[in-house]
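Below: the structure, in structure tokens.
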Amino acid sequence: MQLSDAIRKRIKNIIVEKDVNVWYICQNTGLPCSTLTTFLNGKTKLPKIDTVLHVCEAFDITLTEFFDDEVFNDVESD
């Protein structure tokens with residue numbers, strides 16, 4: 001799996017797990033919804049690491065917790 005796909009999948013899994021939506025993330029981080037939406041829809045490749053950090057803040061998890069998931073076990077470079 002490509003790194004961008006793994007990050008995308010992880011964010012979507014947490015959204016379901018926490019029962020929130022993209023709007024919730026944007027409201028709690030200040031990220032433009034267009035930034036997150038275009039990434040989640042696959043229109044942009046890799047997000048910047050600070051974008052991932054903001055998403056983690058909205059989910060109240062650390063970057064370590066974000067990346068400590070089996071989805072990243074067999075990741076390939078984009």
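By convention here, the chains of the structure tokens are called A, B, ... in the order presented, each chain's residues are numbered starting at 1, and ligands are numbered starting at 1 in the order presented.
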
>> as a list in words, please: the residues near A:Cys26 (cut-off 12 Å, only C-alpha atoms, same-chain neighbours under 4 positions excluded).
In response: Val20, Asn21, Val22, Gly30, Leu31, Pro32, Cys33, Ser34, Thr35, Leu36, Thr37, Thr51, His54, Val55, Cys56, Glu57, Ala58 and Phe59 of chain A

>> So the first atom is atom CA of A:Leu40 and the second is atom CA of A:Asp69; what is the distance between them in Å, to one decimal place?
In response: 18.0 Å

> When DSSP works through the backbone of this structure, what residues of chain A end up as helix (DSSP H, G or I), shown as a PyMOL selection string?
Replying inline: chain A and resi 3-18+22-29+33-40+49-59+63-67+70-72

> For A:Asp50, which residue out of A:Asn73, A:Ser4, A:Asn13, A:Thr29 is the nearest one, using only C-alpha atoms?
Replying inline: A:Thr29

> Interatomic distance between atom CA of A:Glu76 and atom CA of A:Thr64?
Replying inline: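 Straight-line distance from atom CA of A:Glu76 to atom CA of A:Thr64 works out to 18.8 Å.
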
> atom CA of A:Gln2 to atom CA of A:Asn41: how many Å, to one decimal?
Replying inline: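 Atom CA of A:Asn41 lies at a distance of 14.8 Å from atom CA of A:Gln2.
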
>> When you count only C-alpha atoms, which of these residues is closest to A:Asp60: A:Leu3, A:Trp23, A:Asn28, A:Val16?
In response: A:Asn28

> Which residues come within 12 Å of A:Val71, counting only C-alpha atoms, excluding same-chain residues fewer than 3 positions away, as a ChimeraX atom specification?
Replying inline: /A:1-13,66-68,74-76
